[in-house]
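Student: My questions all concern the structure below.
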Amino acid sequence: MGMKQVVSLPAWILVAIVAGLGLGFASSALGFHGVVIDYVKPFGTIFIALLKLVAIPLVLTQLVLGVASVRDLRQLSRLGGRTLALYFSTTLLAITVGLLLVHLIAPGRSLSGADRENLRGQYATEVESRAVQAGELKRRGPLQPLVDMVPDNVIQALSDNRAMLQVVFFALLFGIALICVPLEKSRTLMEWFEGLNAVFISMVKLILYLAVPGVFALMASCVAEFARDDPARALGLLGALGLYFLTVLGGLLVLLVLIYPLALRFLARTGVMNFYRAMIPAQLLAFSTSSSSATLPVTLRCVEDDLGVPPRIAGFVLPVGATVNMDGTSLYQAVATVFIAQAFGMDLTLMQQLAILFTALLASIGAAGVPGTGLVTLVIVLEAVGIEPGGLALILAVDRLLDMFRSVINVTGDAMVCMVVTAWEKGATPQ
Ligand code: ASP
C-alpha cells in the first residue's frame with residue numbers, strides 16, 4: 001500500500017523543485033534572499049536530517065538480516081567480490097568518459113584570461129579552506145581507507161553518519177556471528193531485527209511525506225545562497241563556465257543514457273525503462289539533497305519495492321556504493337582537472353592522465369556521499385598531476401550546481417550495479 005504514495009511522489013517533487021527554484025530567483029532579484037536563508041532553509045535542513053537519521057539504523061538492520069538469512073559465507077564473499085569489481089570498473093569507465101569528452105571539447109581553452117583572473121580573485125578564500133581539508137585527508141597513508149573501515153568502537157561508528165562503511169563492516173560481522181550461534185539462541189534476536197527493520201522502513205515512508213516541502217526549501221535556499229542579491233552575476237559566472245558545465249553534464253548524460261542502459265540490458269538483462277521509472281524518486285531526492293547517503297533510504301525502497309531486488313543484496317550493495325562508488329563524482333573530477341590544466345595552458349602527458357585515472361578512482365572511494373566532498377577530494381587529484389590547488393577557483397562558481405547532477409549519477413550507478421549483481425546472483429544460486 002505504501003508504495004502507491006511513492007509512485008505519485010515524483011511529480012510533486014518535480015513541482016517542488018521548480019517552485020523552489022522560482023522562489024530562490026525571485027528572492028535574489030527582489031532582495032529578500034536573507035529571509036529565504038533564515039526562514040525557508042531550515043525546513044530543507046530538517047528534511048535531510050530526517051533522511052540521515054533513518055539511514056544508519058536501516059542499513060544496520062537490513063544488512064544483519066540479509067547476512068543472517070544467506071547463512072552461507074561463500075555466497076556472501078562472492079556477492080562482495082562481484083560488487084566491488086563492478087564498482088571499480090564502472091568508476092574507471094566513468095573517468096575514461098570524462099577524460100575523452102574534456103579533450104574532445106576542450107572547455108578550458110575557451111576561458112578568457114580576464115575571466116580566469118576574476119574567478120581566482122573571487123574564490124581565493126574558499127580555495128584555501130578546501131585545500132586545508134584535502135591536506136588533512138592526504139596526510140593519511142594510502143591504506144588508511146582500509147583502516148578506517150574497521151571501527152574500534154561500535155557506538156561511535158553508529159553515531160557518525162560519515163562512518164557508513166564502519167557500520168557495514170560491523171553489520172557484516174554481527175550477521176556472520178549470528179549465523180554461528182545455534183538457532184534456538186538466535187531466533188528471538190532475528191525476530192527482533194525483523195521487527196526493527198519493518199519499523200525503519202515505515203519510518204522512511206513517513207519521512208517521505210515531508211519530501212515536497214523539504215525539496216522546495218532545499219532548492220529555494222540553494223538558489224538564494226548561490227545568487228545572493230545579484231542574479232545577473234550568478235548568470236554571468238555560469239556563462240563564463242558554460243562549456244565546462246556542459247562538458248560535465250554531457251559526460252554524466254553518456255553514463256545515464258548509454259552506459260547504464262547497456263549494462264542493464266546486457267549484464268542485468270532487465271528492462272531499462274522499468275529501471276529508470278522506478279528510480280525517479282531516488283534521483284529527484286539525490287538532485288535536491290546533493291547527497292547519496294541521505295538518499296540511501298529511498299534508493300533502498302526503490303530497488304526493493306519496485307525492482308524486486310532481494311533485501312539481502314540491496315542491503316549490502318547500496319550502502320557500500322553510497323560511499324565507495326561515485327561514478328558522477330569521478331567523471332566530474334577528471335573533467336575538472338583537465339579543464340583547469342587547459343585554462344592554465346598546461347599540456348598533460350599520458351602519465352599525468354593515468355595519474356588522474358588512478359587518483360580520481362581513489363578519491364571517489366574515499367569521499368563520503370555528502371554535499372561537496374567531491375570538491376575536497378578533487379584537490380588531491382589536482383596535486384597528483386601537479387596543478388596548484390588555487391586552480392580550484394576556476395570551477396567553484398558552478399560546483400554546487402554540478403554537485404546535484406553528479407549525485408544523481410552516483411545514486412543511479414549504485415542501483416544499476418545492484419541490478420547486475422542481482423541478476424548474477426540469481427544465475428549462480430543453485431535451486
Ligand atoms: N555529493 C556527492 C554525493 O553525495 C558527492 C560529491 O560529488 O560531492 O554523492
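In the C-alpha cells, chains take the letters A, B, ... in the order shown, each chain's residues start at 1, and ligands count up from 1 in the order shown.
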Run DSSP on the backbone and tell me which residues of segment 69-262 of chain A come out as alpha helix (DSSP H); list them as number ranges by chain.

Tutor: A: 69-70, 73-105, 113-122, 124-138, 144-149, 154-158, 164-180, 183-208, 211-227, 231-240, 242-254, 260-262

Student: Write out as a PDB file with all heavy atoms, in the first residue's frame the residues lying within 12 Å of Leu350 of chain A, counting only C-alpha atoms and excluding same-chain residues fewer than 6 positions away.

Tutor:
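around_17.pdb, written as the output of this step:
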ATOM      1  N   LEU A  99      37.503  11.927 -19.348  1.00  0.00           N
ATOM      2  CA  LEU A  99      38.762  12.332 -19.994  1.00  0.00           C
ATOM      3  C   LEU A  99      38.574  12.506 -21.499  1.00  0.00           C
ATOM      4  O   LEU A  99      39.038  13.489 -22.094  1.00  0.00           O
ATOM      5  CB  LEU A  99      39.848  11.286 -19.725  1.00  0.00           C
ATOM      6  CG  LEU A  99      40.458  11.305 -18.322  1.00  0.00           C
ATOM      7  CD1 LEU A  99      41.430  10.150 -18.150  1.00  0.00           C
ATOM      8  CD2 LEU A  99      41.163  12.632 -18.053  1.00  0.00           C
ATOM      9  N   ILE A 356      45.490  10.846 -13.165  1.00  0.00           N
ATOM     10  CA  ILE A 356      44.109  11.306 -12.935  1.00  0.00           C
ATOM     11  C   ILE A 356      43.194  10.097 -12.750  1.00  0.00           C
ATOM     12  O   ILE A 356      42.384  10.030 -11.822  1.00  0.00           O
ATOM     13  CB  ILE A 356      43.604  12.151 -14.131  1.00  0.00           C
ATOM     14  CG1 ILE A 356      44.427  13.428 -14.274  1.00  0.00           C
ATOM     15  CG2 ILE A 356      42.121  12.478 -13.965  1.00  0.00           C
ATOM     16  CD1 ILE A 356      43.999  14.312 -15.426  1.00  0.00           C
ATOM     17  N   LEU A 357      43.366   9.114 -13.640  1.00  0.00           N
ATOM     18  CA  LEU A 357      42.535   7.915 -13.584  1.00  0.00           C
ATOM     19  C   LEU A 357      42.644   7.245 -12.207  1.00  0.00           C
ATOM     20  O   LEU A 357      41.657   6.926 -11.559  1.00  0.00           O
ATOM     21  CB  LEU A 357      43.012   6.948 -14.677  1.00  0.00           C
ATOM     22  CG  LEU A 357      42.074   5.847 -15.091  1.00  0.00           C
ATOM     23  CD1 LEU A 357      40.925   6.403 -15.905  1.00  0.00           C
ATOM     24  CD2 LEU A 357      42.795   4.783 -15.907  1.00  0.00           C
ATOM     25  N   VAL A 385      48.591  15.589 -10.282  1.00  0.00           N
ATOM     26  CA  VAL A 385      49.098  15.910 -11.615  1.00  0.00           C
ATOM     27  C   VAL A 385      49.878  17.215 -11.622  1.00  0.00           C
ATOM     28  O   VAL A 385      50.219  17.747 -12.678  1.00  0.00           O
ATOM     29  CB  VAL A 385      47.962  15.992 -12.670  1.00  0.00           C
ATOM     30  CG1 VAL A 385      47.645  14.650 -13.219  1.00  0.00           C
ATOM     31  CG2 VAL A 385      46.742  16.645 -12.121  1.00  0.00           C
TER      32      VAL A 385
END

Student: How would you report the residues lying within 9 Å of ligand 1, as a PyMOL selection string, if you count only C-alpha atoms and all ligand atoms?

Tutor: chain A and resi 286+289-295+322-323+325-330+332-333+364+367-377+399-400+402-411

Student: Using C-alpha atoms, can you export the residues from the last selection as a PDB file, in the first residue's frame?

Tutor:
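What ended up in out_32.pdb:
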ATOM      1  CA  ALA A 286      19.638  12.944  -4.884  1.00  0.00           C
ATOM      2  CA  THR A 289      19.801  16.892  -1.371  1.00  0.00           C
ATOM      3  CA  SER A 290      23.141  16.505  -3.255  1.00  0.00           C
ATOM      4  CA  SER A 291      23.846  13.552  -1.052  1.00  0.00           C
ATOM      5  CA  SER A 292      23.892   9.857  -1.888  1.00  0.00           C
ATOM      6  CA  SER A 293      23.945   8.976   1.816  1.00  0.00           C
ATOM      7  CA  ALA A 294      20.836  10.990   2.602  1.00  0.00           C
ATOM      8  CA  THR A 295      19.113   9.443  -0.415  1.00  0.00           C
ATOM      9  CA  ALA A 322      26.868   5.182  -1.270  1.00  0.00           C
ATOM     10  CA  THR A 323      30.420   5.639  -0.012  1.00  0.00           C
ATOM     11  CA  ASN A 325      31.036   4.075  -5.797  1.00  0.00           C
ATOM     12  CA  MET A 326      30.711   7.555  -7.234  1.00  0.00           C
ATOM     13  CA  ASP A 327      30.659   7.450 -11.000  1.00  0.00           C
ATOM     14  CA  GLY A 328      29.361  11.004 -11.319  1.00  0.00           C
ATOM     15  CA  THR A 329      31.930  12.427  -8.928  1.00  0.00           C
ATOM     16  CA  SER A 330      34.872  10.681 -10.538  1.00  0.00           C
ATOM     17  CA  TYR A 332      33.495  15.284 -12.842  1.00  0.00           C
ATOM     18  CA  GLN A 333      36.933  15.184 -11.225  1.00  0.00           C
ATOM     19  CA  SER A 364      35.817   8.775  -5.191  1.00  0.00           C
ATOM     20  CA  ALA A 367      34.772  10.547  -0.492  1.00  0.00           C
ATOM     21  CA  ALA A 368      31.674  10.334   1.673  1.00  0.00           C
ATOM     22  CA  GLY A 369      28.297  10.700  -0.009  1.00  0.00           C
ATOM     23  CA  VAL A 370      27.531  14.165   1.287  1.00  0.00           C
ATOM     24  CA  PRO A 371      27.352  17.534  -0.473  1.00  0.00           C
ATOM     25  CA  GLY A 372      30.616  18.920  -1.733  1.00  0.00           C
ATOM     26  CA  THR A 373      33.012  16.113  -0.812  1.00  0.00           C
ATOM     27  CA  GLY A 374      33.877  15.594  -4.457  1.00  0.00           C
ATOM     28  CA  LEU A 375      35.261  19.115  -4.489  1.00  0.00           C
ATOM     29  CA  VAL A 376      37.509  18.494  -1.489  1.00  0.00           C
ATOM     30  CA  THR A 377      38.971  15.268  -2.842  1.00  0.00           C
ATOM     31  CA  ASP A 399      30.253  23.423  -8.287  1.00  0.00           C
ATOM     32  CA  ARG A 400      27.181  23.472  -6.098  1.00  0.00           C
ATOM     33  CA  LEU A 402      27.136  20.230 -10.597  1.00  0.00           C
ATOM     34  CA  ASP A 403      27.037  18.514  -7.206  1.00  0.00           C
ATOM     35  CA  MET A 404      23.311  17.992  -7.721  1.00  0.00           C
ATOM     36  CA  PHE A 405      23.754  16.352 -11.094  1.00  0.00           C
ATOM     37  CA  ARG A 406      26.703  14.165 -10.109  1.00  0.00           C
ATOM     38  CA  SER A 407      24.852  12.950  -7.008  1.00  0.00           C
ATOM     39  CA  VAL A 408      22.016  11.742  -9.268  1.00  0.00           C
ATOM     40  CA  ILE A 409      24.503   9.697 -11.270  1.00  0.00           C
ATOM     41  CA  ASN A 410      26.208   8.406  -8.122  1.00  0.00           C
ATOM     42  CA  VAL A 411      22.897   7.061  -6.860  1.00  0.00           C
TER      43      VAL A 411
END

Student: Write out as a list in words each polymer residue whose atoms come within 8 Å of Leu284 of chain A, counting only C-alpha atoms; drop sequence neighbours fewer than 5 positions from it.

Tutor: Pro10, Ile13, Leu14 and Val408 of chain A

Student: Any idea what's packed within 9 Å of segment 119-122 of chain A, counting only C-alpha atoms, ignoring anything in its chain fewer than 5 positions away? Could you give it as a PyMOL selection string?

Tutor: chain A and resi 114+127+237+390-397

Student: My list of candidates is A:Ala217, A:Val254, A:Val223, A:Ala68. Which is closest to Arg187 of chain A when distances are computed with only C-alpha atoms?

Tutor: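 Of A:Ala217, A:Val254, A:Val223, A:Ala68, the one nearest Arg187 of chain A, counting only C-alpha atoms, is A:Ala68.
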
Student: At what distance in Å, to one decimal, does atom CA of Leu206 of chain A lie from atom CA of Phe43 of chain A?

Tutor: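 Separation of atom CA of Phe43 of chain A and atom CA of Leu206 of chain A: 15.8 Å.
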